[in-house]
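J.: Next comes the structure file work38.cif, holding mmCIF, C-alpha atoms.
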data_final
#
loop_
_atom_site.group_PDB
_atom_site.id
_atom_site.type_symbol
_atom_site.label_atom_id
_atom_site.label_comp_id
_atom_site.auth_asym_id
_atom_site.auth_seq_id
_atom_site.Cartn_x
_atom_site.Cartn_y
_atom_site.Cartn_z
ATOM 1 C CA MET A 1 0.000 0.000 0.000
ATOM 2 C CA ARG A 2 1.039 3.631 -0.442
ATOM 3 C CA ALA A 3 1.933 5.438 2.760
ATOM 4 C CA ILE A 4 3.968 8.338 4.075
ATOM 5 C CA GLN A 5 6.830 7.153 6.245
ATOM 6 C CA ILE A 6 9.598 8.913 8.151
ATOM 7 C CA THR A 7 12.891 7.178 8.875
ATOM 8 C CA GLU A 8 14.508 10.178 10.560
ATOM 9 C CA PHE A 9 13.140 13.039 12.636
ATOM 10 C CA GLY A 10 13.059 16.552 11.247
ATOM 11 C CA GLY A 11 10.898 19.010 9.347
ATOM 12 C CA PRO A 12 8.528 18.483 6.424
ATOM 13 C CA GLU A 13 11.422 17.296 4.249
ATOM 14 C CA VAL A 14 11.569 13.922 6.080
ATOM 15 C CA LEU A 15 8.026 12.981 4.966
ATOM 16 C CA ARG A 16 8.459 10.539 2.088
ATOM 17 C CA GLN A 17 6.080 8.317 0.154
ATOM 18 C CA ALA A 18 6.776 4.587 0.400
ATOM 19 C CA GLU A 19 5.279 1.191 -0.468
ATOM 20 C CA LEU A 20 4.669 -0.632 2.803
ATOM 21 C CA PRO A 21 3.020 -3.904 3.854
ATOM 22 C CA GLU A 22 -0.682 -3.616 4.585
ATOM 23 C CA PRO A 23 -1.484 -3.528 8.325
ATOM 24 C CA VAL A 24 -3.272 -6.485 9.881
ATOM 25 C CA ALA A 25 -6.153 -5.851 12.285
ATOM 26 C CA GLY A 26 -5.451 -7.437 15.663
ATOM 27 C CA PRO A 27 -7.861 -8.334 18.481
ATOM 28 C CA GLY A 28 -10.363 -5.536 19.041
ATOM 29 C CA GLN A 29 -9.284 -3.746 15.860
ATOM 30 C CA VAL A 30 -10.858 -3.131 12.459
ATOM 31 C CA LEU A 31 -9.141 -2.449 9.148
ATOM 32 C CA VAL A 32 -10.188 0.819 7.490
ATOM 33 C CA GLU A 33 -9.848 1.435 3.758
ATOM 34 C CA VAL A 34 -8.789 5.062 4.112
ATOM 35 C CA THR A 35 -10.311 7.668 1.820
ATOM 36 C CA SER A 36 -8.972 10.715 3.686
ATOM 37 C CA ALA A 37 -6.677 11.382 6.627
ATOM 38 C CA GLY A 38 -6.529 14.427 8.841
ATOM 39 C CA ILE A 39 -3.495 16.662 9.218
ATOM 40 C CA ASN A 40 -2.959 18.161 12.662
ATOM 41 C CA TYR A 41 -0.463 20.567 14.172
ATOM 42 C CA ALA A 42 0.468 17.739 16.527
ATOM 43 C CA ASP A 43 1.683 15.801 13.478
ATOM 44 C CA THR A 44 4.377 18.427 12.896
ATOM 45 C CA HIS A 45 5.599 17.886 16.456
ATOM 46 C CA MET A 46 5.462 14.097 16.023
ATOM 47 C CA VAL A 47 7.594 14.280 12.864
ATOM 48 C CA GLU A 48 10.298 16.277 14.658
ATOM 49 C CA ASN A 49 9.886 14.185 17.868
ATOM 50 C CA SER A 50 8.901 17.175 20.014
ATOM 51 C CA TYR A 51 5.421 15.888 20.893
ATOM 52 C CA LEU A 52 4.166 15.083 24.395
ATOM 53 C CA SER A 53 4.691 11.359 23.710
ATOM 54 C CA LYS A 54 7.977 10.358 22.111
ATOM 55 C CA ALA A 55 7.942 8.541 18.778
ATOM 56 C CA ALA A 56 9.934 5.585 17.484
ATOM 57 C CA LEU A 57 11.263 5.112 13.948
ATOM 58 C CA PRO A 58 10.292 4.162 11.327
ATOM 59 C CA LEU A 59 6.933 5.900 11.645
ATOM 60 C CA VAL A 60 3.818 6.440 9.548
ATOM 61 C CA PRO A 61 2.326 9.660 10.969
ATOM 62 C CA GLY A 62 -1.355 10.531 11.100
ATOM 63 C CA GLY A 63 -3.743 10.377 14.024
ATOM 64 C CA GLU A 64 -7.138 10.263 12.314
ATOM 65 C CA VAL A 65 -8.729 8.614 9.307
ATOM 66 C CA VAL A 66 -12.074 8.303 7.584
ATOM 67 C CA GLY A 67 -13.020 5.435 5.309
ATOM 68 C CA ARG A 68 -14.834 2.110 4.957
ATOM 69 C CA THR A 69 -14.635 -1.015 7.090
ATOM 70 C CA PRO A 70 -14.819 -4.510 5.528
ATOM 71 C CA ASP A 71 -18.532 -4.702 6.442
ATOM 72 C CA GLY A 72 -19.236 -1.453 4.561
ATOM 73 C CA ARG A 73 -19.551 1.021 7.418
ATOM 74 C CA ARG A 74 -18.273 4.554 6.825
ATOM 75 C CA VAL A 75 -16.333 5.496 9.938
ATOM 76 C CA VAL A 76 -14.063 8.168 11.315
ATOM 77 C CA ALA A 77 -11.482 7.079 13.866
ATOM 78 C CA LEU A 78 -8.567 8.182 15.983
ATOM 79 C CA THR A 79 -5.445 6.140 15.339
ATOM 80 C CA ASP A 80 -2.202 5.517 17.174
ATOM 81 C CA ASN A 81 -0.268 6.964 14.211
ATOM 82 C CA GLY A 82 -0.502 5.174 10.843
ATOM 83 C CA GLY A 83 -3.110 7.491 9.325
ATOM 84 C CA TYR A 84 -1.106 8.732 6.328
ATOM 85 C CA ALA A 85 -1.710 5.501 4.420
ATOM 86 C CA GLU A 86 -4.207 3.724 2.162
ATOM 87 C CA ARG A 87 -5.220 1.371 4.974
ATOM 88 C CA ALA A 88 -5.096 1.641 8.754
ATOM 89 C CA ALA A 89 -5.858 -0.743 11.611
ATOM 90 C CA VAL A 90 -7.808 1.098 14.321
ATOM 91 C CA GLN A 91 -9.347 0.145 17.638
ATOM 92 C CA GLU A 92 -12.996 -0.763 17.108
ATOM 93 C CA TYR A 93 -14.128 1.423 20.024
ATOM 94 C CA MET A 94 -12.370 4.409 18.403
ATOM 95 C CA ALA A 95 -14.279 4.012 15.112
ATOM 96 C CA HIS A 96 -17.421 6.157 14.992
ATOM 97 C CA GLU A 97 -19.972 5.833 12.204
ATOM 98 C CA VAL A 98 -20.395 8.988 10.121
ATOM 99 C CA PRO A 99 -24.015 10.033 9.506
ATOM 100 C CA ASP A 100 -25.311 10.892 6.064
ATOM 101 C CA GLY A 101 -24.830 14.541 5.214
ATOM 102 C CA VAL A 102 -21.461 14.812 6.966
ATOM 103 C CA THR A 103 -18.528 14.923 4.549
ATOM 104 C CA ASP A 104 -15.167 13.233 5.035
ATOM 105 C CA GLY A 105 -13.563 16.587 5.714
ATOM 106 C CA GLN A 106 -16.169 17.588 8.276
ATOM 107 C CA ALA A 107 -15.861 14.261 10.092
ATOM 108 C CA LEU A 108 -12.078 14.570 10.232
ATOM 109 C CA ALA A 109 -12.404 18.131 11.553
ATOM 110 C CA LEU A 110 -14.379 16.793 14.499
ATOM 111 C CA VAL A 111 -12.440 13.761 15.686
ATOM 112 C CA VAL A 112 -9.386 15.671 16.984
ATOM 113 C CA GLN A 113 -10.090 19.409 16.732
ATOM 114 C CA GLY A 114 -13.806 19.146 17.450
ATOM 115 C CA LEU A 115 -13.340 16.901 20.463
ATOM 116 C CA THR A 116 -10.522 19.133 21.667
ATOM 117 C CA ALA A 117 -12.673 22.272 21.388
ATOM 118 C CA TRP A 118 -15.562 20.515 23.171
ATOM 119 C CA HIS A 119 -13.365 19.398 26.065
ATOM 120 C CA LEU A 120 -11.503 22.710 26.315
ATOM 121 C CA LEU A 121 -14.813 24.426 26.992
ATOM 122 C CA ARG A 122 -16.803 21.770 28.823
ATOM 123 C CA THR A 123 -14.207 19.707 30.704
ATOM 124 C CA SER A 124 -11.241 21.995 31.323
ATOM 125 C CA ALA A 125 -12.673 25.531 31.365
ATOM 126 C CA ARG A 126 -16.112 24.446 32.670
ATOM 127 C CA ILE A 127 -17.766 27.279 30.796
ATOM 128 C CA ALA A 128 -20.701 28.957 32.549
ATOM 129 C CA GLN A 129 -23.536 30.936 30.985
ATOM 130 C CA GLY A 130 -22.538 34.489 30.102
ATOM 131 C CA GLU A 131 -18.775 34.136 30.529
ATOM 132 C CA SER A 132 -16.316 35.789 28.155
ATOM 133 C CA VAL A 133 -14.136 33.431 26.093
ATOM 134 C CA VAL A 134 -10.932 34.251 24.217
ATOM 135 C CA VAL A 135 -10.152 31.870 21.369
ATOM 136 C CA HIS A 136 -6.621 32.198 20.020
ATOM 137 C CA ALA A 137 -5.909 31.005 16.459
ATOM 138 C CA ALA A 138 -9.629 31.364 15.893
ATOM 139 C CA ALA A 139 -9.491 30.508 12.188
ATOM 140 C CA GLY A 140 -7.606 27.263 12.760
ATOM 141 C CA GLY A 141 -9.032 23.774 12.994
ATOM 142 C CA THR A 142 -9.687 23.832 16.739
ATOM 143 C CA GLY A 143 -10.234 27.572 17.050
ATOM 144 C CA SER A 144 -12.891 27.801 14.330
ATOM 145 C CA LEU A 145 -14.906 25.109 16.094
ATOM 146 C CA ALA A 146 -14.277 26.549 19.570
ATOM 147 C CA VAL A 147 -15.730 29.907 18.456
ATOM 148 C CA GLN A 148 -18.938 28.201 17.347
ATOM 149 C CA LEU A 149 -19.179 25.893 20.364
ATOM 150 C CA ALA A 150 -18.545 28.708 22.829
ATOM 151 C CA LYS A 151 -21.581 30.553 21.445
ATOM 152 C CA ALA A 152 -23.645 27.360 21.461
ATOM 153 C CA PHE A 153 -22.630 26.684 25.072
ATOM 154 C CA GLY A 154 -23.787 30.109 26.253
ATOM 155 C CA ALA A 155 -20.720 32.363 26.203
ATOM 156 C CA GLY A 156 -21.594 35.989 26.787
ATOM 157 C CA ARG A 157 -18.814 37.331 24.572
ATOM 158 C CA VAL A 158 -16.443 35.450 22.262
ATOM 159 C CA ILE A 159 -13.191 37.262 21.499
ATOM 160 C CA ALA A 160 -11.212 35.814 18.610
ATOM 161 C CA THR A 161 -7.580 36.408 17.762
ATOM 162 C CA ALA A 162 -5.948 35.651 14.414
ATOM 163 C CA SER A 163 -2.896 36.713 12.456
ATOM 164 C CA SER A 164 -4.564 38.243 9.382
ATOM 165 C CA LYS A 165 -7.646 40.257 8.495
ATOM 166 C CA ASP A 166 -9.058 37.408 6.387
ATOM 167 C CA LYS A 167 -8.766 35.027 9.319
ATOM 168 C CA ARG A 168 -10.322 37.538 11.697
ATOM 169 C CA ASP A 169 -13.185 38.054 9.249
ATOM 170 C CA LEU A 170 -13.751 34.277 9.152
ATOM 171 C CA ALA A 171 -13.909 34.157 12.954
ATOM 172 C CA LEU A 172 -16.561 36.892 12.899
ATOM 173 C CA GLU A 173 -18.557 34.982 10.285
ATOM 174 C CA LEU A 174 -18.464 31.924 12.563
ATOM 175 C CA GLY A 175 -19.958 33.858 15.465
ATOM 176 C CA ALA A 176 -17.180 35.679 17.303
ATOM 177 C CA ASP A 177 -18.347 38.994 18.754
ATOM 178 C CA ILE A 178 -15.035 40.701 18.050
ATOM 179 C CA ALA A 179 -11.716 39.711 16.487
ATOM 180 C CA VAL A 180 -8.332 41.264 17.281
ATOM 181 C CA GLU A 181 -4.748 41.024 16.073
ATOM 182 C CA ALA A 182 -2.936 38.061 17.597
ATOM 183 C CA ASP A 183 0.682 39.193 17.407
ATOM 184 C CA GLY A 184 2.781 42.019 18.701
ATOM 185 C CA GLU A 185 2.875 44.150 21.793
ATOM 186 C CA GLY A 186 -0.265 45.095 23.688
ATOM 187 C CA LEU A 187 -2.158 41.786 23.418
ATOM 188 C CA LYS A 188 -3.249 41.945 27.074
ATOM 189 C CA GLU A 189 -4.665 45.425 26.551
ATOM 190 C CA ARG A 190 -6.395 44.425 23.292
ATOM 191 C CA LEU A 191 -8.116 41.494 24.996
ATOM 192 C CA ILE A 192 -9.353 43.628 27.877
ATOM 193 C CA GLU A 193 -10.519 46.381 25.535
ATOM 194 C CA ALA A 194 -12.346 43.783 23.412
ATOM 195 C CA ASN A 195 -14.173 42.680 26.562
ATOM 196 C CA GLY A 196 -15.509 46.143 27.287
ATOM 197 C CA GLY A 197 -12.647 47.120 29.581
ATOM 198 C CA LYS A 198 -13.012 44.059 31.831
ATOM 199 C CA LYS A 199 -10.630 41.168 32.245
ATOM 200 C CA VAL A 200 -11.694 37.895 30.622
ATOM 201 C CA ASP A 201 -13.058 34.680 32.118
ATOM 202 C CA ILE A 202 -11.682 31.964 29.818
ATOM 203 C CA VAL A 203 -8.745 31.801 27.410
ATOM 204 C CA LEU A 204 -8.070 28.861 25.073
ATOM 205 C CA GLU A 205 -4.346 29.081 24.297
ATOM 206 C CA MET A 206 -2.104 26.960 22.065
ATOM 207 C CA THR A 207 0.710 29.293 21.032
ATOM 208 C CA GLY A 208 2.928 29.602 24.091
ATOM 209 C CA GLY A 209 5.553 32.290 24.620
ATOM 210 C CA PRO A 210 4.365 35.916 24.877
ATOM 211 C CA VAL A 211 0.786 34.991 23.863
ATOM 212 C CA PHE A 212 0.467 32.757 26.922
ATOM 213 C CA ASP A 213 1.994 35.436 29.170
ATOM 214 C CA ALA A 214 -0.340 38.182 27.913
ATOM 215 C CA SER A 215 -3.362 35.902 28.143
ATOM 216 C CA LEU A 216 -2.642 34.999 31.755
ATOM 217 C CA ALA A 217 -2.247 38.686 32.588
ATOM 218 C CA ALA A 218 -5.662 39.391 31.018
ATOM 219 C CA LEU A 219 -7.514 36.837 33.191
ATOM 220 C CA ALA A 220 -10.150 38.025 35.650
ATOM 221 C CA PRO A 221 -10.403 36.621 39.183
ATOM 222 C CA PHE A 222 -11.586 32.991 38.910
ATOM 223 C CA GLY A 223 -10.582 33.042 35.243
ATOM 224 C CA ARG A 224 -9.212 29.907 33.568
ATOM 225 C CA LEU A 225 -6.498 29.712 30.952
ATOM 226 C CA VAL A 226 -6.523 26.352 29.196
ATOM 227 C CA THR A 227 -3.248 25.543 27.447
ATOM 228 C CA TYR A 228 -3.297 22.838 24.788
ATOM 229 C CA GLY A 229 -0.343 23.478 22.487
ATOM 230 C CA LEU A 230 2.958 25.219 21.886
ATOM 231 C CA ALA A 231 2.721 26.253 18.241
ATOM 232 C CA SER A 232 5.394 28.939 18.558
ATOM 233 C CA ARG A 233 7.874 26.391 19.991
ATOM 234 C CA VAL A 234 8.633 29.127 22.593
ATOM 235 C CA PRO A 235 7.851 28.168 26.218
ATOM 236 C CA PRO A 236 5.937 30.724 28.290
ATOM 237 C CA THR A 237 7.376 32.362 31.374
ATOM 238 C CA PRO A 238 7.183 29.837 34.257
ATOM 239 C CA VAL A 239 4.046 30.328 36.346
ATOM 240 C CA GLN A 240 4.454 30.696 40.097
ATOM 241 C CA ALA A 241 1.804 29.606 42.585
ATOM 242 C CA ALA A 242 1.644 33.109 44.067
ATOM 243 C CA GLN A 243 0.626 34.504 40.672
ATOM 244 C CA LEU A 244 -2.393 32.210 40.664
ATOM 245 C CA MET A 245 -3.357 32.577 44.325
ATOM 246 C CA GLY A 246 -2.961 36.339 44.321
ATOM 247 C CA ARG A 247 -5.655 36.759 41.684
ATOM 248 C CA SER A 248 -7.628 33.507 42.061
ATOM 249 C CA ARG A 249 -6.710 32.413 38.540
ATOM 250 C CA ALA A 250 -6.162 28.936 37.131
ATOM 251 C CA VAL A 251 -3.980 27.451 34.401
ATOM 252 C CA VAL A 252 -5.275 24.114 33.120
ATOM 253 C CA GLY A 253 -3.459 21.814 30.717
ATOM 254 C CA PHE A 254 -5.309 19.657 28.205
ATOM 255 C CA TRP A 255 -4.227 16.730 26.025
ATOM 256 C CA LEU A 256 -6.910 14.869 24.099
ATOM 257 C CA MET A 257 -5.270 11.468 24.638
ATOM 258 C CA HIS A 258 -6.248 11.571 28.320
ATOM 259 C CA THR A 259 -9.921 11.363 27.332
ATOM 260 C CA ILE A 260 -9.469 8.023 25.562
ATOM 261 C CA GLY A 261 -10.945 5.132 27.494
ATOM 262 C CA ARG A 262 -12.666 7.333 30.059
ATOM 263 C CA PRO A 263 -16.441 6.858 30.209
ATOM 264 C CA GLY A 264 -18.400 9.611 28.477
ATOM 265 C CA MET A 265 -15.379 11.450 27.121
ATOM 266 C CA TYR A 266 -15.075 10.148 23.550
ATOM 267 C CA ARG A 267 -18.115 8.563 21.916
ATOM 268 C CA GLU A 268 -20.724 10.786 23.586
ATOM 269 C CA PRO A 269 -19.243 14.207 22.708
ATOM 270 C CA MET A 270 -18.317 12.857 19.271
ATOM 271 C CA ALA A 271 -21.951 11.862 18.686
ATOM 272 C CA GLU A 272 -23.067 15.357 19.766
ATOM 273 C CA LEU A 273 -20.600 17.043 17.409
ATOM 274 C CA LEU A 274 -21.614 14.858 14.456
ATOM 275 C CA ALA A 275 -25.310 15.527 15.140
ATOM 276 C CA MET A 276 -24.694 19.286 15.350
ATOM 277 C CA THR A 277 -22.839 19.129 12.019
ATOM 278 C CA ALA A 278 -25.478 16.999 10.314
ATOM 279 C CA ASP A 279 -28.245 19.465 11.185
ATOM 280 C CA GLY A 280 -26.217 22.578 10.382
ATOM 281 C CA ARG A 281 -25.688 23.964 13.887
ATOM 282 C CA LEU A 282 -21.917 23.416 13.591
ATOM 283 C CA LYS A 283 -19.929 24.219 10.453
ATOM 284 C CA PRO A 284 -16.466 22.619 10.413
ATOM 285 C CA GLN A 285 -14.148 24.515 8.081
ATOM 286 C CA VAL A 286 -12.081 22.539 5.565
ATOM 287 C CA GLY A 287 -9.172 24.774 4.651
ATOM 288 C CA GLY A 288 -7.209 22.626 2.230
ATOM 289 C CA ILE A 289 -7.116 19.202 0.589
ATOM 290 C CA TYR A 290 -3.720 17.795 -0.403
ATOM 291 C CA PRO A 291 -2.866 14.619 -2.321
ATOM 292 C CA LEU A 292 -0.786 12.056 -0.423
ATOM 293 C CA SER A 293 2.294 13.001 -2.439
ATOM 294 C CA GLU A 294 2.113 16.623 -1.240
ATOM 295 C CA VAL A 295 1.940 16.036 2.502
ATOM 296 C CA ALA A 296 5.256 17.882 2.996
ATOM 297 C CA ARG A 297 3.710 20.986 1.429
ATOM 298 C CA ALA A 298 0.737 20.666 3.787
ATOM 299 C CA HIS A 299 3.074 20.603 6.796
ATOM 300 C CA GLU A 300 4.985 23.594 5.431
ATOM 301 C CA ASP A 301 1.768 25.562 4.941
ATOM 302 C CA LEU A 302 0.528 24.651 8.424
ATOM 303 C CA ARG A 303 3.749 25.640 10.148
ATOM 304 C CA ALA A 304 3.904 28.911 8.184
ATOM 305 C CA ARG A 305 0.347 29.806 9.285
ATOM 306 C CA ARG A 306 -0.837 29.995 5.691
ATOM 307 C CA THR A 307 -3.903 27.849 6.367
ATOM 308 C CA TYR A 308 -7.273 27.998 8.077
ATOM 309 C CA GLY A 309 -9.664 25.319 9.273
ATOM 310 C CA LYS A 310 -9.011 21.615 8.813
ATOM 311 C CA LEU A 311 -6.350 20.276 6.440
ATOM 312 C CA ILE A 312 -7.158 16.999 4.680
ATOM 313 C CA LEU A 313 -4.899 14.414 3.051
ATOM 314 C CA ASP A 314 -6.719 12.838 0.109
ATOM 315 C CA VAL A 315 -5.317 9.302 0.192
ATOM 316 C CA SER A 316 -7.154 8.265 -2.979
ATOM 317 C CA ARG A 317 -5.200 10.777 -5.125
#
Represent the structure from my file as structure tokens, please.

T.:
Amino acid sequence: MRAIQITEFGGPEVLRQAELPEPVAGPGQVLVEVTSAGINYADTHMVENSYLSKAALPLVPGGEVVGRTPDGRRVVALTDNGGYAERAAVQEYMAHEVPDGVTDGQALALVVQGLTAWHLLRTSARIAQGESVVVHAAAGGTGSLAVQLAKAFGAGRVIATASSKDKRDLALELGADIAVEADGEGLKERLIEANGGKKVDIVLEMTGGPVFDASLAALAPFGRLVTYGLASRVPPTPVQAAQLMGRSRAVVGFWLMHTIGRPGMYREPMAELLAMTADGRLKPQVGGIYPLSEVARAHEDLRARRTYGKLILDVSR
């Protein structure tokens, strides 16, 4: 089968197409004939071996697939790598049937980014009615869904940040109340001004570095900053306990893998997200579809912040 394999760690240049043996489904697994695979920012960390879990070589990247099972079901599934390939063996309990009316791209947008956005708001931030929510990278795969879900979950004001006017306009179209510039000095002040001069209740943050620092400084008493990535590759300033106690603030980390196997944390929110998409209440954004042979270009575009929404790898091309 055709697959993308890495035999050394590095940047997009180490992603190479190869002919590999077809995987064999083991106990509790099902073989999926992959039509499309999802591309995530986490994949770029996996390829350079800077992810939360360390990788071993050789490696077929890719944490999510959509396709057909041998009995004809159309499913979307999380995988333990192996997604950038024509076939993938996945755990049966991770394979969720895709309802009619939901495209491959939409389904792939939900299984990592959608679940992440859902848990950022519901599980980690514990959003309450009327609270203000800052969504960084609001035009990205997770951010574009978090904007919509925050409104659906009762946020009083959704403040989006993005790096370009086009991306900020997209966030406004998706339901953000206001969108501000993400980069540069004065981010703390811009966030507070966007919230009517008041500090904010919730921040969803995946950039790190100065963005994390400014976001923490913009938190109101009892505010929660949920950190779920380090896209800038720049660590934030270390947080001291006194900083949190002195203003009754919280910093919460989130990694989607910790939801796997926990009752009510995977299949149930996934079913809700798929139902919301099928009836039009949620609009996952597909920002680019790349053939398997151009996966390196997809990683380059993602790392250079040239993309929006969900990036898809068309395995059939």

J.: Can you pull out every residue within 9 Å of Gly10 of chain A, counting only C-alpha atoms, but drop anything in the same chain fewer than 2 positions away, and send it as a ChimeraX atom specification?

T.: /A:6,8,12-15,47-49

J.: Kindly resolve the PyMOL selection byres ((chain A and resi 106) around 9) on the present coordinates and return the residues as an mmCIF file with C-alpha atoms, keeping the file's coordinate frame.

T.:
data_model
loop_
_atom_site.group_PDB
_atom_site.id
_atom_site.type_symbol
_atom_site.label_atom_id
_atom_site.label_comp_id
_atom_site.auth_asym_id
_atom_site.auth_seq_id
_atom_site.Cartn_x
_atom_site.Cartn_y
_atom_site.Cartn_z
ATOM 1 C CA VAL A 102 -21.461 14.812 6.966
ATOM 2 C CA THR A 103 -18.528 14.923 4.549
ATOM 3 C CA ASP A 104 -15.167 13.233 5.035
ATOM 4 C CA GLY A 105 -13.563 16.587 5.714
ATOM 5 C CA ALA A 107 -15.861 14.261 10.092
ATOM 6 C CA LEU A 108 -12.078 14.570 10.232
ATOM 7 C CA ALA A 109 -12.404 18.131 11.553
ATOM 8 C CA LEU A 110 -14.379 16.793 14.499
ATOM 9 C CA LEU A 274 -21.614 14.858 14.456
ATOM 10 C CA THR A 277 -22.839 19.129 12.019
ATOM 11 C CA LYS A 283 -19.929 24.219 10.453
ATOM 12 C CA PRO A 284 -16.466 22.619 10.413
ATOM 13 C CA GLN A 285 -14.148 24.515 8.081
ATOM 14 C CA VAL A 286 -12.081 22.539 5.565
ATOM 15 C CA LYS A 310 -9.011 21.615 8.813
#

J.: Pick from A:Ser215, A:Ser53, A:Asn195, A:Gln91: nearest to Gly28 of chain A, with all atoms listed in the file counted?

T.: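 Of A:Ser215, A:Ser53, A:Asn195, A:Gln91, the one nearest Gly28 of chain A, counting all atoms listed in the file, is A:Gln91.
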
J.: As an exercise, work out the distance from atom CA of Gly253 of chain A to atom CA of Arg305 of chain A in Å and give it to one decimal place.

T.: 23.2 Å

J.: Can you list, as a count of residues only, every protein, DNA or RNA residue that comes within 8 Å of Gly229 of chain A when you count all atoms listed in the file, leaving out same-chain residues fewer than 6 positions away?

T.: 4

J.: Segment 154-170 of chain A, all listed atoms, 5 Å padding on each side: what axis-aligned box centre and edge lengths in Å to one decimal come out, as lines of an AutoDock Vina configuration file?

T.:
center_x = -13.3
center_y = 35.2
center_z = 16.6
size_x = 30.9
size_y = 20.1
size_z = 30.4
